[in-house]
Structures are given as C-alpha cells and as structure tokens.
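Below is one structure, written out as structure tokens; the observations come after it.
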Amino acid sequence: MNVETLKQTQEIVTVMTAVIKSARLYHPGHRSVREMMARVNELFQAYLQAQTYLELEIDSEGLKWEGRTLLRTGEMEVDYVFRLYRDAIRMATFLEGLTAAELETFLDLFLKECPHDQDLATLCWEEDFNHIEFAMVEAFHRFMQQDSDEEKKVLLDEVENWMNLCRSDRLEHPAHLSYRMEAGVEPLPPGIFQPLSLSLSDALNHSRAAAMEECIERLLQTLESPNPSLVNEAARNLGKLARIILAQADLGQMVRILNLLSLSSPLDAVNELRQQLTSEETLERLVVQLSQREIWAGLEFPLFCNCLSDDDLAAFLARFARRGETRIRPLYPTLLRFRPEALLALGHMLDGPEALALLAASKDFLTDEQYLGIADHPHREVRLTALRMLEQPSDQVLAWALEDPEKDIRFFALSTIGRENRKGLLPVLTGLIKSDSFFDKAPEERERWVVVTSMVGRKEVEDFFLAFMEPKGLLALPRADDMRFLAAKALGIIGSEEALPLLERESKRLTNTPAMRQSCSISRELIRKKARKGRE
Amino acid sequence: MSETSASGLVTRLYTLLRTHEIYPEDNDTAVRTRQEFIAYLRQFCEGESLSDAVLDHYAEHFMVNNRLVKPDMTSLSQFARLSLRFKKNFLKKMRLEKECLEVDLLAFIRAFIHDWTMVKERRMLSWVHLPSLKCVVKLTEDEAEDEARIYQAKLSNFMDILSKMLVSHLRTFQDIVDGKNIDVLVSRRLIQEFISAVHEFGPRSLGFIALGAADPREAVHGVLRAILAVQFAHHLGLDKRLQEDLVFSCLYGAVGVESMPKELMNKAGNLTEDERRQLGSIASRSFEALLHLGAFTPTIALLINVAAALESSQVSDHPFGRILQVVRAYESLVSHRPYRLAFHPVHAMQLLWTDRDKKMDGAILKAFIAFLGAYPPGSTWLDKDGHPMVVLDAAQSALLRDNLWHPVQALPHKPVPLHLFPANPIQALVRLQ
C-alpha cells in the first residue's frame, strides 16, 4: 500500500465528512461550506488524475479503502456512512472525469431527508451519475431477506421456472378459442411508421408535481358523492391516508392536506380529519418523530406552524423545547415575525435557557407588548434579558419592571427611568415612596428610588420631599428619620434654593441624628454650589 | 474441498489477484493462494464436466461458461472490485484450462497487476502468451467486439431480472389485493433494476411479452406492460423518474380491478346498471389497496390518480393515463383472453388504430405505432420460403431452420399469430446462433 496514496485518500474522506457535517450545521450555501466543497473537489480531481479511480468500500464497520478503515460508523458525524450501508450500498467508485457538479449532487443526497418511498440507493440510481458507480445489494436479496431458507428456495425455484419457460419449446395457448378479426378494422395508413416525436415530459412532470393535491382533492370530492357506499369508502380511505401521513411525519404533506381541508366543512369526515391532524396526540407524535430525524425539517416546518392556532403552535413548540430539541431555535425569528402571539405564549411555557434562546432570536423583533407577555416569567434571567433587549421600553414596561420581585430588574428599571428622565413615571415613583411597602425595600434600594425620583421630578417633587422633612408631614410613617434623611438627600439633588433655610436649620438641629445633620449639610452645600454656578 | 460454484470461481479469482497486489509472489500466502485457486479451478471444471472454464465480462456482468453469475450479499464488493479491474485492464474474456499451469497463472497475475498499476505503460495482457490461460483484451474501439459475448451477458441479465420481477411482483401484487402492507422501497429498487435491465437489453426485450400471453394473472401482465412502457418511454425521451412512475402504474394500476369478480371483468357483452355501478367503485378500491404501500408520496399519489383515470373507458385526461391506456390496450390485444386468442401485433395495431380517438389519445397512439414499427420486435412471421421467423429488432430477425435460430436481415413475409407459430418465439432470442 502506498503511504502517500493512503494519506490522500484519508484527506479526501476527512474533508468530505467535514462538508457534510458543516452543511448540516449551517446551510449548504454558507461560505465555509462552499470553501470546503471546493477543497474536496480539488482533492478528488488531483487524486483521480493520478490514480484514475477511487474505490471506497462500505461495510458494517465503516468506510474502507484497500481494506483499511478510514471512518468508523457509530459516530453521529459519520452517520452518512451508516446510511449508505443501511441502504444496501457496499461500494462507491469515483472515476476520472468526476465533475464538481456530480460531486456536489452526491453529497447533497446526505443533506436531505429521503422521501418515504426512497433511500440513498434509489436516489443514486435516479441521479444517474456518469462518474460514480455503486455496488448495491441486489433488490431480490432484500425481497427475500425476511424469508426462511425454505421459502427462499421456493422463490428461487420459481425464478428458475420462468427462465425455463423462456427456453421451452412451445408456449401454451387456450385450445378451444378462435382467432378472428372484427369487421370494419381499418388498415394502418401509409406513413404511420414514420418517426414521430412527442413532447410529453413537461405534462408528465407537472402531473407528478400536482399528484398529491389532486389525489386528496378527488378523495374529498368523492365524499360529496350521492352514492353512499362511495362516500363511506372515501371516508375510510381518508382516515387511512391520514394515518399514513401522520406516520410519515411529513410536514409538507400535512400542510397540503390541511390547506385542502376547509376550516368549517359540512362534512363530518373532513372536520374530524382536520381535528385529528392538529390534535394534541398528533402534535406530540410529530414532535417525537421530527426530533429523531437526522435532518431537520426544512421549509415545511414554518408552513405547518401556520396551520395551527396560536395556542396549539405554542404548545407544539414547547414540546420540542422540553425535549431539548435545539434545532428549533433558528426558526424562532421567522415564527416571531409572523406569529408573535404564539411566540409570546411559548415564552411562558419555556424554561430559562430555552426562553433565553427565544429572546435571543427575538432580538430584532421584541416589542413592549411582547415583553409584558413574558414579564412574569419565572426565570429571572429571562425577564432581565428581555428588559435589556428593549431599545426604548415604554413607561408601562418600566412600571411593570419596578414591581418585579427581582432587585436587579427593579434597579435596571430605575436606572433607565433616571437616564431617560421619564417624567410619566413620577406618580408611580412617588406613590411607592408614600406607601407602607417602601420600607420593605432594602436601604440601598430606597435610596436609589428617592435619588431617581428627585432627578426626574426636580421642582415637581420638591414639595413632596419637603413634606417629609416636617414632622407633621410624616403622618403615621414608621421610619420617620430614615425618610427625613432620604428627603434631605432628595432636596440636594433637586437643587432648589427655597429649601436652603430648612436644610440650614436641620443641619444644626441637635435632635437630629448625626447622619441626618450631615445629609442636610451636604444637600445645603450642593444647592449653594449649584446656585453659584448658576450665577456664574 | 467443499462444493464449487461459478460465483466461487469469480471471488477466488479476485482473492488471487488481490493477494498478489499485497504480498510478493514468493510469499507463503501468495503461493498458497495460487495453489488453492488451481485446485478450485480443477474441481469446478470436473463438476461442470468441461475441460476449461470461460469467464466473460461485460459492463458489470460476469458470465462463467455462458451463464450469468451474480454475487450474493457477502461477495458483492469482490465482484465489484474485480469488475473494475477487468474494465481498467480492458480484459473481456479469460479461458482457463482445467489443468492450468502455475507458471501461466503467475505470468497472468504479473501482467494483470502490471496493467492495473502501471496505467501509462504498455499493456502486457494483450501480448503475453500463456498456453493454459488465454485472455481476450480489447484496447481500442477499432478492435472488433465479441458481439455474441455481449449479447449473452445482456440477455442473461435481462432474463434473470425479468424472472425475479415476475416472482416478486406476483407476491407483492397479491399481498396488496389481500390488504397486506408491502415494502414500497424494495418494490422501487426492483423496478429500478428492471428498468436498467430493459434498457440494457434494448428493443429485443419486447420479444418477451409473449412469455405471459396465456397467463391469466393480472400481475404477470403488469410486468409485461412494464417492458412495453419502459421501451416506449425511452423512445419518447422520458427521464428515469418518469419511467419509474410509469412502471409503478403498470404494476399496481389494476389492483382495484383484482377486487372485482372475475366473471364481471371478463364479461364480453353489455353490462347491466348494477354491474356498471360495481365497476364504478374500482377507483375507490384501488385507492384503498394502494394505501397498503404504506407511504403517501408523489409516486404513490400519482399511482392512485392513474388507477382512477384508467377505470374510465373514456380517453383519459391524465397525461400518464393516456400513455398507459395505449400500452394496456396493446398488451391486452397481444395476449390470450378467456374469450379469444391473442392477436398478431400487426392486427393489434390495426384494431387500436380503428378505435383511435374513441378510447385513447390519437397522437400517443400514432407515436406508439411508430415506435413498434411495421415489424414489432417479438412478432412472429413466415419468410418467403415458409420458414418461421421472429423479428428481434429493427435491424435483425431470427429464422428457424434445422431446429436452429439464425440471425438474418431479410424482411418477414406473412404474419403468423402466436397460437399458430410452430415454436416458442422467445427461443429465437435465447438460442440465437
């Protein structure tokens, strides 16, 4: 074995595997995938020019070259090898002349889910590669696979019988019948054997493309037949068809059939089918089957989601998330754009990490209304992240956030209010200061609250805080000194010279605590400084 | 040594060559492999009561002593690898004498491996002279091809695949009629192999339609219609996917019919209202039966639609239905029915032509008749001297003389219906000199 050739072969297989893996992670048109594709093509061209062929054997252990295993099956990223083996392909031989287009078509086969009546072997046959040959287990072997040795012998004997019939001396015919041409049979006209070309491909391909809709439509029409036995048969067939479609978990078909079933049909069979196709049981089964797929559902997924109500859609998506199915995440932006209500409902159903993923996907789309929809999410990080994501949270959002049980969120809201000077929230701010629950907050928070209120309110809240300075203004407040301390601070921030006499007095009053006297003193100096600055 | 087989000979030949690719020729393993091969060859020839073994290779096919040899599941890779090596070495045929000399065998191995590995150097296999082992190598397109060898390979493969298709489809068709689920994937693979074999054998495959002329089973006629459909579709330039769909329709399009009482389906006269109503539910029965294919895909949906379209006695408005109406009608006319004998293909074309536009698409019928030609492949005739003659294809016929079938280019003279033909016309294909 030539060591250099082995290295080259290994490199080809490694890059080919990387192409398949990357194309699944990103998408086939992604720049890195295209670059790897170009690289693997380059490697193939160089190799085939020198060696004229590359023979890769596939067995239960993996992918082999000259008897040496290059890739072992059993690892997710090389599952394409397992698929080749499972689908009865035992050898792939790449020949000199292999084109980039052929190679890409071949690798593309691993990126798509096979139709339910196909596998890699049948797809390779249909592609009709000029420079890739396959050795496949003969179909008749697979046909006989489940049979006992005795049954196999019977089948093989029958095959032999047909071959012998081909070789027999005479073919039998019914002895008692006659041969007669009917009267009036026309002779074939002259020129009829001239070659005649007909273009039928387009019509046939179109017919094929429309076959499924046509089939279902015809079935639905039969349901309206005046013949009761035909109606019964059609209803029975519709039920069977539904079961097949569900078993296939083929979202494309389900979308087709749901689009054809009117939302309120006079026919019970139609309504029952529609219900069946969107029932909880169906959706749960779909979730299980789709999650098990190697290749994630493509465009059909959002189309199918469109057929569900908001609540059903939210429940459907939540099921995926609970199973840890992360492949659903790239779909969130699309779904959020077109089905915001459903996604809101979904946000509530998701746990922390998944809700964060939903939020991350919602980055460009999250609105205030949507935030409010998840503002009571049990996970702190979700609420905080959502709040941070809003570019311009409304007063309503900030008011809600101020009541959040989580301190970080309340602080964030306060910072935003202060930074953006949200005067509309003054009643909320002052309302809480006046309430009994203000002293349920930690001192640090109470201070922040007052600071923000005074920064935003300024002159408007001067009288409010002045009232706290006077004992009679406190009414029945339990923490009079604390409040007076905070009020003094607030007055300093507000900066009104009208508060100076009060602050001067309180800074010297011996019945005040040292902290209170200091607070008044600082605030007094702040106001004087501001006044001086104003005069300058 | 255990029993030998043609398949075993092929795999041992591969093992022999492969061993010498890896080990030096004086290595114990290599020496032992040569000796085992020679012993196996001797035993094989004794079992065949022959003095030599002839190995032919064409496309992916191996023939040993004129019999097609196919790999089983364990020897598939070896066959494929040996096939590639034969192709790359332009090796078409080997004749190995029963008492093959080791010195000749070794010379062959050296030449083979040289040609296999030194692709840019002068070929050795084409000039090495080995008394007990002869090779036929065709290096250029100018060299004459052994047409007989190629024909035999194609014929053997076609007969093998056709027979397996008949056996498997009889089972599958009955399973569907009985309401059992079938593996549609295996069906598709069988169909694909069938299409490949029909293409490879070419228009002469139409000569096998007579095989089921007297068989009353719908499944058999489905397979024979499929031969017609593939060749016609190929003639029309339809791609492989469309050909597959046509074959699916040929094979399974009549499952609904099978659920109908035989007396009703074979009734020659006018139908009563009740009988007409019964026939009207064929489409529904087809639908139900075809759902046992267990999948709903474009192919299956198309099949269901075509089955419904064919139920009507009117000209179908379904594109696939229009083609299949013509194919079905022709195959039915050239088969024996319970109430009449098979028509000669020329008479069948006349009958179809008379009913054009009433029961089938006139344009497609014209194209079909042009495709079959004035002398359809497989049709039975007498020549000017009264000798039985079978048309093989547009270029050649086979004449029966002295109990042997001889290829000729003379035109047939008088049509002879199948039941009057003095021989099995398929023999003309199978025993062509």
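Letters A, B, ... mark the chains of the structure tokens in the order given; residue numbers begin at 1 per chain; ligand numbers begin at 1, in order shown.
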Please, which residues in chain B fall within 7 Å of chain A when counting only C-alpha atoms, and what is the closest atom pair and distance in Å to one decimal for each, ordered by chain then residue number, as a Markdown table?
```
| residue | atom | partner | partner_atom | distance |
| --- | --- | --- | --- | --- |
| B:Met73 | CA | A:Val137 | CA | 6.0 |
| B:Leu76 | CA | A:Val137 | CA | 6.9 |
| B:Ser77 | CA | A:Arg90 | CA | 6.4 |
| B:Ala80 | CA | A:Ala135 | CA | 6.1 |
| B:Met159 | CA | A:Met163 | CA | 6.5 |
| B:Ser163 | CA | A:Val159 | CA | 5.1 |
| B:Lys164 | CA | A:Val159 | CA | 5.7 |
| B:Val167 | CA | A:Val159 | CA | 6.3 |
| B:Val184 | CA | A:Asp117 | CA | 5.9 |
| B:Leu185 | CA | A:Asp117 | CA | 5.2 |
| B:Val186 | CA | A:Phe143 | CA | 6.3 |
| B:Arg189 | CA | A:Ala139 | CA | 5.7 |
| B:Leu190 | CA | A:Ala139 | CA | 5.3 |
| B:Leu211 | CA | A:Cys166 | CA | 6.7 |
| B:Ala214 | CA | A:His173 | CA | 5.5 |
| B:Leu236 | CA | A:Leu198 | CA | 6.6 |
| B:Leu238 | CA | A:Ser201 | CA | 6.0 |
| B:Lys240 | CA | A:Glu126 | CA | 6.3 |
| B:Arg241 | CA | A:Glu126 | CA | 6.4 |
| B:Ser281 | CA | A:Leu230 | CA | 7.0 |
| B:Ser284 | CA | A:Glu233 | CA | 6.7 |
| B:Glu288 | CA | A:Asn237 | CA | 5.8 |
| B:Leu291 | CA | A:Leu241 | CA | 7.0 |
| B:Gly294 | CA | A:Ile244 | CA | 6.4 |
| B:Ala295 | CA | A:Ile244 | CA | 6.1 |
| B:Phe296 | CA | A:Ile245 | CA | 6.6 |
| B:Thr297 | CA | A:His116 | CA | 7.0 |
| B:Pro298 | CA | A:Ala211 | CA | 5.8 |
| B:Ala301 | CA | A:Met212 | CA | 5.1 |
| B:Leu302 | CA | A:Ala211 | CA | 5.0 |
| B:Asn305 | CA | A:Cys215 | CA | 6.0 |
| B:Pro319 | CA | A:Leu204 | CA | 5.8 |
| B:Phe320 | CA | A:Leu204 | CA | 6.5 |
| B:Tyr339 | CA | A:Leu177 | CA | 6.6 |
| B:Arg340 | CA | A:Leu177 | CA | 5.6 |
| B:Leu341 | CA | A:Tyr179 | CA | 5.5 |
| B:Gln350 | CA | A:Pro187 | CA | 5.7 |
| B:Leu351 | CA | A:Val185 | CA | 6.0 |
| B:Trp353 | CA | A:Leu188 | CA | 6.9 |
| B:Thr354 | CA | A:Glu186 | CA | 5.3 |
| B:Lys366 | CA | A:Ile192 | CA | 6.8 |
| B:Ala367 | CA | A:Leu196 | CA | 5.5 |
| B:Ile369 | CA | A:Phe193 | CA | 6.6 |
| B:Ala370 | CA | A:Phe193 | CA | 4.2 |
| B:Gly373 | CA | A:Phe193 | CA | 5.6 |
| B:Ala374 | CA | A:Phe193 | CA | 6.6 |
| B:His419 | CA | A:His173 | CA | 6.1 |
| B:Ala423 | CA | A:Arg170 | CA | 5.2 |
| B:Asn424 | CA | A:Arg170 | CA | 4.4 |
| B:Ile426 | CA | A:Cys166 | CA | 5.9 |
| B:Gln427 | CA | A:Arg167 | CA | 5.6 |
| B:Val430 | CA | A:Arg167 | CA | 6.7 |
```
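You can rank A:Leu402, A:Met469, A:Leu111, A:Ala318 by their closest distance to Met516 in chain A using only C-alpha atoms, and at the top of that list sits A:Met469.
The shortest atom-to-atom distance to Val103 in chain B, with only C-alpha atoms taken into account, belongs to B:Val31 out of B:Met63, B:Val137, B:Leu55, B:Val31.
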Q: List the neighbours of range 373-378 of chain A out to 6 Å using only C-alpha atoms; skip same-chain residues closer than 5 positions along the sequence, and give me the result as an MDAnalysis selection string.
A: chainID A and resid 344 348 383
Write the residues of the preceding selection, restricted to N, CA and C atoms, as a compact mmCIF listing (two decimals), in the first residue's frame.
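The file below, selection_13.txt, is the result:
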```txt
# COMPACT_ATOMS: atom_id res chain seq x y z
N LEU A 344 -45.32 34.52 22.11
CA LEU A 344 -45.48 35.05 23.47
C LEU A 344 -45.94 33.94 24.40
N HIS A 348 -43.85 31.82 27.80
CA HIS A 348 -44.30 31.45 29.14
C HIS A 348 -44.10 29.98 29.43
N ARG A 383 -36.44 37.48 32.34
CA ARG A 383 -37.10 38.79 32.48
C ARG A 383 -36.08 39.91 32.29
```
Q: Would you mind listing what lies within 12 Å of Arg323 in chain A as a VMD selection string, with only C-alpha atoms counted and same-chain residues fewer than 5 positions away left out?
A: chain A and resid 284 287 to 292 316 to 318 328 350 to 351 354
Name the residues of range 203-395 of chain B that fall into alpha helix (DSSP H) according to DSSP on the backbone, using the chain letters and numbers of this document, as a PDB file with C-alpha atoms, in the first residue's frame.
```pdb
ATOM      1  CA  GLU B 218     -53.020  -9.632 -13.847  1.00  0.00           C
ATOM      2  CA  ALA B 219     -49.670  -9.309 -12.058  1.00  0.00           C
ATOM      3  CA  VAL B 220     -47.876 -11.116 -14.879  1.00  0.00           C
ATOM      4  CA  HIS B 221     -49.414  -8.807 -17.467  1.00  0.00           C
ATOM      5  CA  GLY B 222     -48.434  -5.849 -15.342  1.00  0.00           C
ATOM      6  CA  VAL B 223     -44.780  -6.826 -15.677  1.00  0.00           C
ATOM      7  CA  LEU B 224     -45.097  -7.378 -19.434  1.00  0.00           C
ATOM      8  CA  ARG B 225     -46.805  -3.998 -19.823  1.00  0.00           C
ATOM      9  CA  ALA B 226     -43.918  -2.529 -17.880  1.00  0.00           C
ATOM     10  CA  ILE B 227     -41.463  -3.768 -20.550  1.00  0.00           C
ATOM     11  CA  LEU B 228     -43.521  -2.001 -23.198  1.00  0.00           C
ATOM     12  CA  ALA B 229     -43.864   1.123 -21.079  1.00  0.00           C
ATOM     13  CA  VAL B 230     -40.119   1.392 -20.408  1.00  0.00           C
ATOM     14  CA  GLN B 231     -39.157   0.969 -24.040  1.00  0.00           C
ATOM     15  CA  PHE B 232     -41.847   3.375 -25.222  1.00  0.00           C
ATOM     16  CA  ALA B 233     -40.890   5.919 -22.576  1.00  0.00           C
ATOM     17  CA  HIS B 234     -37.232   5.603 -23.538  1.00  0.00           C
ATOM     18  CA  HIS B 235     -38.236   6.104 -27.178  1.00  0.00           C
ATOM     19  CA  LYS B 240     -35.699   7.776 -15.443  1.00  0.00           C
ATOM     20  CA  ARG B 241     -38.018   9.153 -12.771  1.00  0.00           C
ATOM     21  CA  LEU B 242     -40.918   9.295 -15.203  1.00  0.00           C
ATOM     22  CA  GLN B 243     -40.128   5.800 -16.395  1.00  0.00           C
ATOM     23  CA  GLU B 244     -40.251   4.615 -12.793  1.00  0.00           C
ATOM     24  CA  ASP B 245     -43.652   6.188 -12.335  1.00  0.00           C
ATOM     25  CA  LEU B 246     -44.935   4.538 -15.496  1.00  0.00           C
ATOM     26  CA  VAL B 247     -43.700   1.166 -14.307  1.00  0.00           C
ATOM     27  CA  PHE B 248     -45.338   1.657 -10.912  1.00  0.00           C
ATOM     28  CA  SER B 249     -48.582   2.380 -12.722  1.00  0.00           C
ATOM     29  CA  CYS B 250     -48.220  -0.668 -14.954  1.00  0.00           C
ATOM     30  CA  LEU B 251     -47.560  -2.920 -11.989  1.00  0.00           C
ATOM     31  CA  TYR B 252     -50.071  -1.618  -9.497  1.00  0.00           C
ATOM     32  CA  VAL B 255     -55.187  -3.606  -8.088  1.00  0.00           C
ATOM     33  CA  GLY B 256     -58.741  -2.287  -7.960  1.00  0.00           C
ATOM     34  CA  VAL B 257     -59.657  -4.494 -10.894  1.00  0.00           C
ATOM     35  CA  GLU B 258     -58.480  -7.544  -8.997  1.00  0.00           C
ATOM     36  CA  LYS B 262     -63.615 -12.257 -12.476  1.00  0.00           C
ATOM     37  CA  GLU B 263     -66.879 -13.010 -14.341  1.00  0.00           C
ATOM     38  CA  LEU B 264     -67.663  -9.327 -14.396  1.00  0.00           C
ATOM     39  CA  MET B 265     -64.231  -8.317 -15.664  1.00  0.00           C
ATOM     40  CA  GLU B 273     -76.676  -0.984 -14.472  1.00  0.00           C
ATOM     41  CA  ASP B 274     -75.672  -2.786 -11.316  1.00  0.00           C
ATOM     42  CA  GLU B 275     -72.573  -4.165 -12.982  1.00  0.00           C
ATOM     43  CA  ARG B 276     -71.697  -0.705 -14.187  1.00  0.00           C
ATOM     44  CA  ARG B 277     -72.067   0.639 -10.640  1.00  0.00           C
ATOM     45  CA  GLN B 278     -69.831  -2.101  -9.329  1.00  0.00           C
ATOM     46  CA  LEU B 279     -67.173  -1.261 -11.869  1.00  0.00           C
ATOM     47  CA  GLY B 280     -67.538   2.362 -10.827  1.00  0.00           C
ATOM     48  CA  ILE B 282     -62.788   0.258  -8.863  1.00  0.00           C
ATOM     49  CA  ALA B 283     -61.067   3.582  -8.299  1.00  0.00           C
ATOM     50  CA  SER B 284     -62.075   3.587  -4.660  1.00  0.00           C
ATOM     51  CA  ARG B 285     -60.938   0.004  -4.210  1.00  0.00           C
ATOM     52  CA  SER B 286     -57.654   0.871  -5.917  1.00  0.00           C
ATOM     53  CA  PHE B 287     -57.161   3.775  -3.533  1.00  0.00           C
ATOM     54  CA  GLU B 288     -57.750   1.571  -0.535  1.00  0.00           C
ATOM     55  CA  ALA B 289     -55.477  -1.179  -1.804  1.00  0.00           C
ATOM     56  CA  LEU B 290     -52.672   1.166  -2.783  1.00  0.00           C
ATOM     57  CA  PRO B 298     -45.773  11.899  -5.303  1.00  0.00           C
ATOM     58  CA  THR B 299     -45.201   8.449  -6.817  1.00  0.00           C
ATOM     59  CA  ILE B 300     -47.935   6.785  -4.793  1.00  0.00           C
ATOM     60  CA  ALA B 301     -50.350   9.668  -5.262  1.00  0.00           C
ATOM     61  CA  LEU B 302     -49.684   9.559  -8.989  1.00  0.00           C
ATOM     62  CA  LEU B 303     -50.286   5.832  -8.997  1.00  0.00           C
ATOM     63  CA  ILE B 304     -53.623   6.289  -7.227  1.00  0.00           C
ATOM     64  CA  ASN B 305     -54.642   9.021  -9.663  1.00  0.00           C
ATOM     65  CA  VAL B 306     -53.677   6.939 -12.675  1.00  0.00           C
ATOM     66  CA  ALA B 307     -55.551   3.925 -11.341  1.00  0.00           C
ATOM     67  CA  ALA B 308     -58.653   6.097 -11.074  1.00  0.00           C
ATOM     68  CA  ALA B 309     -58.089   7.558 -14.553  1.00  0.00           C
ATOM     69  CA  LEU B 310     -57.745   4.136 -16.155  1.00  0.00           C
ATOM     70  CA  GLU B 311     -61.002   2.964 -14.656  1.00  0.00           C
ATOM     71  CA  PRO B 319     -51.103  12.508 -19.046  1.00  0.00           C
ATOM     72  CA  PHE B 320     -49.866   9.242 -17.561  1.00  0.00           C
ATOM     73  CA  GLY B 321     -53.255   7.679 -18.107  1.00  0.00           C
ATOM     74  CA  ARG B 322     -53.126   8.449 -21.828  1.00  0.00           C
ATOM     75  CA  ILE B 323     -49.845   6.606 -22.255  1.00  0.00           C
ATOM     76  CA  LEU B 324     -50.949   3.675 -20.147  1.00  0.00           C
ATOM     77  CA  GLN B 325     -54.240   3.313 -21.977  1.00  0.00           C
ATOM     78  CA  VAL B 326     -52.346   2.668 -25.187  1.00  0.00           C
ATOM     79  CA  VAL B 327     -49.836   0.325 -23.557  1.00  0.00           C
ATOM     80  CA  ARG B 328     -52.533  -1.613 -21.733  1.00  0.00           C
ATOM     81  CA  ALA B 329     -54.740  -1.901 -24.775  1.00  0.00           C
ATOM     82  CA  TYR B 330     -51.913  -3.203 -26.944  1.00  0.00           C
ATOM     83  CA  GLU B 331     -50.655  -5.721 -24.389  1.00  0.00           C
ATOM     84  CA  SER B 332     -54.168  -6.968 -23.849  1.00  0.00           C
ATOM     85  CA  LEU B 333     -54.684  -7.491 -27.579  1.00  0.00           C
ATOM     86  CA  PRO B 345     -49.055  -7.456 -33.227  1.00  0.00           C
ATOM     87  CA  VAL B 346     -49.824  -6.067 -36.698  1.00  0.00           C
ATOM     88  CA  HIS B 347     -53.530  -6.914 -36.280  1.00  0.00           C
ATOM     89  CA  ALA B 348     -53.427  -5.470 -32.784  1.00  0.00           C
ATOM     90  CA  MET B 349     -52.110  -2.178 -34.168  1.00  0.00           C
ATOM     91  CA  GLN B 350     -54.893  -2.152 -36.759  1.00  0.00           C
ATOM     92  CA  LEU B 351     -57.506  -2.710 -34.071  1.00  0.00           C
ATOM     93  CA  LEU B 352     -56.066   0.085 -31.962  1.00  0.00           C
ATOM     94  CA  TRP B 353     -55.947   2.387 -34.957  1.00  0.00           C
ATOM     95  CA  THR B 354     -59.598   1.712 -35.723  1.00  0.00           C
ATOM     96  CA  GLY B 362     -54.705   9.634 -31.132  1.00  0.00           C
ATOM     97  CA  ALA B 363     -51.327  11.369 -31.011  1.00  0.00           C
ATOM     98  CA  ILE B 364     -49.925   8.979 -28.444  1.00  0.00           C
ATOM     99  CA  LEU B 365     -51.282   6.009 -30.351  1.00  0.00           C
ATOM    100  CA  LYS B 366     -49.568   7.209 -33.516  1.00  0.00           C
ATOM    101  CA  ALA B 367     -46.307   7.623 -31.645  1.00  0.00           C
ATOM    102  CA  PHE B 368     -46.714   4.156 -30.157  1.00  0.00           C
ATOM    103  CA  ILE B 369     -47.361   2.533 -33.513  1.00  0.00           C
ATOM    104  CA  ALA B 370     -44.363   4.363 -34.995  1.00  0.00           C
ATOM    105  CA  PHE B 371     -42.313   3.114 -32.033  1.00  0.00           C
ATOM    106  CA  LEU B 372     -43.351  -0.515 -32.641  1.00  0.00           C
TER     107      LEU B 372
END
```
Q: Report the distance between CA of Gly74 in chain A and CA of Arg188 in chain B in Å, rounded to one decimal place.
A: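 CA of Gly74 in chain A sits 27.8 Å away from CA of Arg188 in chain B.
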Q: Skip Ser5 in chain B itself and residues of its chain fewer than 5 positions away, then list as a list of chain:residue names all residues within 9 Å of it, counting only C-alpha atoms.
A: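 Using only C-alpha atoms, the neighbours found are B:Val10, B:Phe44, B:Gly47.
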Take the residues just selected and output them with N, CA and C atoms as a short mmCIF file (atom, residue, chain, number, x, y, z; two decimals), in the first residue's frame.
```cif
data_model
loop_
_atom_site.label_atom_id
_atom_site.label_comp_id
_atom_site.auth_asym_id
_atom_site.auth_seq_id
_atom_site.Cartn_x
_atom_site.Cartn_y
_atom_site.Cartn_z
N VAL B 10 -15.27 -16.80 -9.34
CA VAL B 10 -15.05 -15.36 -9.52
C VAL B 10 -14.43 -14.75 -8.27
N PHE B 44 -13.85 -27.33 -10.13
CA PHE B 44 -15.00 -26.67 -10.77
C PHE B 44 -15.23 -27.26 -12.16
N GLY B 47 -16.66 -30.63 -12.02
CA GLY B 47 -18.08 -30.57 -11.69
C GLY B 47 -18.93 -30.21 -12.89
#
```
Q: Could you tell me which of B:Lys88, B:His336, B:Arg42, B:His61 comes closest to Ala197 in chain B if we count only C-alpha atoms?
A: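 Looking only at the distances to Ala197 in chain B, the closest residue turns out to be B:His61.
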Q. Neighbours of Met37 in chain A within 12 Å (only C-alpha atoms; same-chain residues fewer than 3 positions away dropped), as a VMD selection string?
A. chain A and resid 12 14 to 23 28 to 34 40 to 44 100 to 108
Q) Expressed in Å to a single decimal, how great is the separation between CA of Phe37 in chain B and CA of Leu9 in chain B? A) 8.1 Å
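Going from CA of Thr385 in chain A to CA of Ala357 in chain A covers 10.5 Å.
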Pick out the residues sitting within 9 Å of Leu139 in chain B, and hand them over as a CSV table (one decimal) with C-alpha atoms, in the first residue's frame; count only C-alpha atoms, and ignore anything fewer than 5 positions along from it in its own chain.
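So the final result, stored in result.csv, reads:
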```csv
chain,number,residue,atom,x,y,z
B,89,ASN,CA,-7.4,-3.6,-18.0
B,90,PHE,CA,-9.7,-3.9,-21.0
B,91,LEU,CA,-10.0,-7.6,-20.2
B,123,ARG,CA,-0.2,-3.2,-21.7
B,126,SER,CA,-2.7,-8.1,-24.7
```
Q: Using only C-alpha atoms, find the one residue out of A:Thr430, A:Ser262, A:Thr513, A:Ser437 that sits nearest to Val450 in chain A.
A: A:Thr430
